[in-house]
Amino acid sequence: MKNYQNKAKIVRVSKIIRNILFAGLVVWIIGIPAVLIQVIPVITLWSRVVPASRYLQCGTPLLMVLCLIVNLKLFRFFDRLKNGHLFDAKTVGNLDDAGRWWVALWFIETLFYGIGHEFFQMTNKWDFSGNLFAGMTLIFVAWLLKEAQELQQEQELTV
């Protein structure tokens, strides 16, 4: 009875988190074209724009696309949990992929703002170490769940 109650709680919480992530997907899908619309005049008017602002405006869509991918992978993870696919290989794979994309986002952001700070003398140098920590945490949890799956399979084979 306890396992059924735990599964019901996981499904209920996953529905809520999935809905929040769906709202995030909608925001990213609307936000990326809105930013691209602002970037088009910057690209066409190269000589009239300060290089630092051009650099920032043209690089932002890439970062937004990476955020969209992370959001999408997390959405898929919680969608599978909501549908009752608790911790199977595909579900855990979505969590692992989200973590890897999040680490890629951290790397690109660090590179992007590092270059901007060095070459264009931007006043603020951003630190996004929280993205690295979050991505590594997701990768660790996915690894932990994969190991738990293998242990469970070994136990089922020995019984």
# chains A, B, ... in the order shown; residues from 1 in each chain; ligands from 1

$ residues_around --residues "A:Leu63" --least-positions-apart "6" --cutoff "8 Å" --atoms "only C-alpha atoms" --output "ChimeraX atom specification"
/A:105,108-109

$ write_last_selection --atoms "N, CA and C atoms" --output "short mmCIF file (atom, residue, chain, number, x, y, z; two decimals), in the first residue's frame"
data_model
loop_
_atom_site.label_atom_id
_atom_site.label_comp_id
_atom_site.auth_asym_id
_atom_site.auth_seq_id
_atom_site.Cartn_x
_atom_site.Cartn_y
_atom_site.Cartn_z
N LEU A 105 25.00 24.94 -21.37
CA LEU A 105 24.54 26.32 -21.21
C LEU A 105 25.50 27.11 -20.34
N ILE A 108 28.71 27.85 -22.44
CA ILE A 108 28.49 28.87 -23.46
C ILE A 108 28.30 30.24 -22.82
N GLU A 109 27.56 30.31 -21.71
CA GLU A 109 27.37 31.60 -21.02
C GLU A 109 28.68 32.14 -20.48
#

$ residues_around --residues "A:Asn131" --least-positions-apart "6" --cutoff "8 Å" --atoms "only C-alpha atoms" --output "ChimeraX atom specification"
/A:102-103,105-106

$ closest_residue --among "A:Trp28, A:Gly93, A:Gly84, A:Leu74" --to "A:Tyr4" --atoms "only C-alpha atoms"
A:Gly84

$ closest_residue --among "A:Gly59, A:Ile30, A:Asp79, A:Leu86" --to "A:Asn3" --atoms "only C-alpha atoms"
A:Leu86

$ atom_distance --atom1 "atom CA of A:Leu95" --atom2 "atom CA of A:Leu68"
14.5 Å

$ atom_distance --atom1 "atom CA of A:Cys67" --atom2 "atom CA of A:Val26"
12.2 Å

$ residues_around --residues "A:Leu144" --least-positions-apart "4" --cutoff "12 Å" --atoms "only C-alpha atoms" --output "VMD selection string"
chain A and resid 87 92 to 93 95 to 96 137 to 140 148 to 151

$ write_last_selection --atoms "N, CA and C atoms" --output "PDB file, in the first residue's frame"
ATOM      1  N   PHE A  87      11.034   6.224 -13.476  1.00  0.00           N
ATOM      2  CA  PHE A  87      12.450   5.903 -13.435  1.00  0.00           C
ATOM      3  C   PHE A  87      12.854   4.754 -14.353  1.00  0.00           C
ATOM      4  N   VAL A  92      14.922   8.488 -17.139  1.00  0.00           N
ATOM      5  CA  VAL A  92      16.202   8.888 -16.552  1.00  0.00           C
ATOM      6  C   VAL A  92      17.104   9.506 -17.619  1.00  0.00           C
ATOM      7  N   GLY A  93      17.008   9.027 -18.843  1.00  0.00           N
ATOM      8  CA  GLY A  93      17.780   9.611 -19.939  1.00  0.00           C
ATOM      9  C   GLY A  93      17.421  11.065 -20.182  1.00  0.00           C
ATOM     10  N   LEU A  95      16.394  13.134 -17.907  1.00  0.00           N
ATOM     11  CA  LEU A  95      16.996  13.890 -16.802  1.00  0.00           C
ATOM     12  C   LEU A  95      18.491  14.081 -17.041  1.00  0.00           C
ATOM     13  N   ASP A  96      19.159  13.036 -17.499  1.00  0.00           N
ATOM     14  CA  ASP A  96      20.580  13.119 -17.799  1.00  0.00           C
ATOM     15  C   ASP A  96      20.847  14.115 -18.932  1.00  0.00           C
ATOM     16  N   THR A 137      24.265  18.505 -10.722  1.00  0.00           N
ATOM     17  CA  THR A 137      23.341  17.832  -9.806  1.00  0.00           C
ATOM     18  C   THR A 137      22.379  16.933 -10.573  1.00  0.00           C
ATOM     19  N   LEU A 138      21.832  17.428 -11.687  1.00  0.00           N
ATOM     20  CA  LEU A 138      20.934  16.601 -12.491  1.00  0.00           C
ATOM     21  C   LEU A 138      21.658  15.386 -13.061  1.00  0.00           C
ATOM     22  N   ILE A 139      22.880  15.573 -13.516  1.00  0.00           N
ATOM     23  CA  ILE A 139      23.659  14.448 -14.039  1.00  0.00           C
ATOM     24  C   ILE A 139      23.916  13.427 -12.930  1.00  0.00           C
ATOM     25  N   PHE A 140      24.235  13.899 -11.739  1.00  0.00           N
ATOM     26  CA  PHE A 140      24.481  12.991 -10.614  1.00  0.00           C
ATOM     27  C   PHE A 140      23.221  12.214 -10.238  1.00  0.00           C
ATOM     28  N   ALA A 148      20.661   2.559  -9.503  1.00  0.00           N
ATOM     29  CA  ALA A 148      19.575   1.911  -8.762  1.00  0.00           C
ATOM     30  C   ALA A 148      18.809   0.948  -9.669  1.00  0.00           C
ATOM     31  N   GLN A 149      18.619   1.320 -10.931  1.00  0.00           N
ATOM     32  CA  GLN A 149      17.956   0.421 -11.880  1.00  0.00           C
ATOM     33  C   GLN A 149      18.763  -0.860 -12.066  1.00  0.00           C
ATOM     34  N   GLU A 150      20.081  -0.715 -12.211  1.00  0.00           N
ATOM     35  CA  GLU A 150      20.924  -1.895 -12.390  1.00  0.00           C
ATOM     36  C   GLU A 150      20.899  -2.788 -11.162  1.00  0.00           C
ATOM     37  N   LEU A 151      20.918  -2.192  -9.967  1.00  0.00           N
ATOM     38  CA  LEU A 151      20.823  -2.985  -8.735  1.00  0.00           C
ATOM     39  C   LEU A 151      19.501  -3.724  -8.658  1.00  0.00           C
TER      40      LEU A 151
END

$ atom_distance --atom1 "atom CA of A:Val11" --atom2 "atom CA of A:Trp143"
21.4 Å
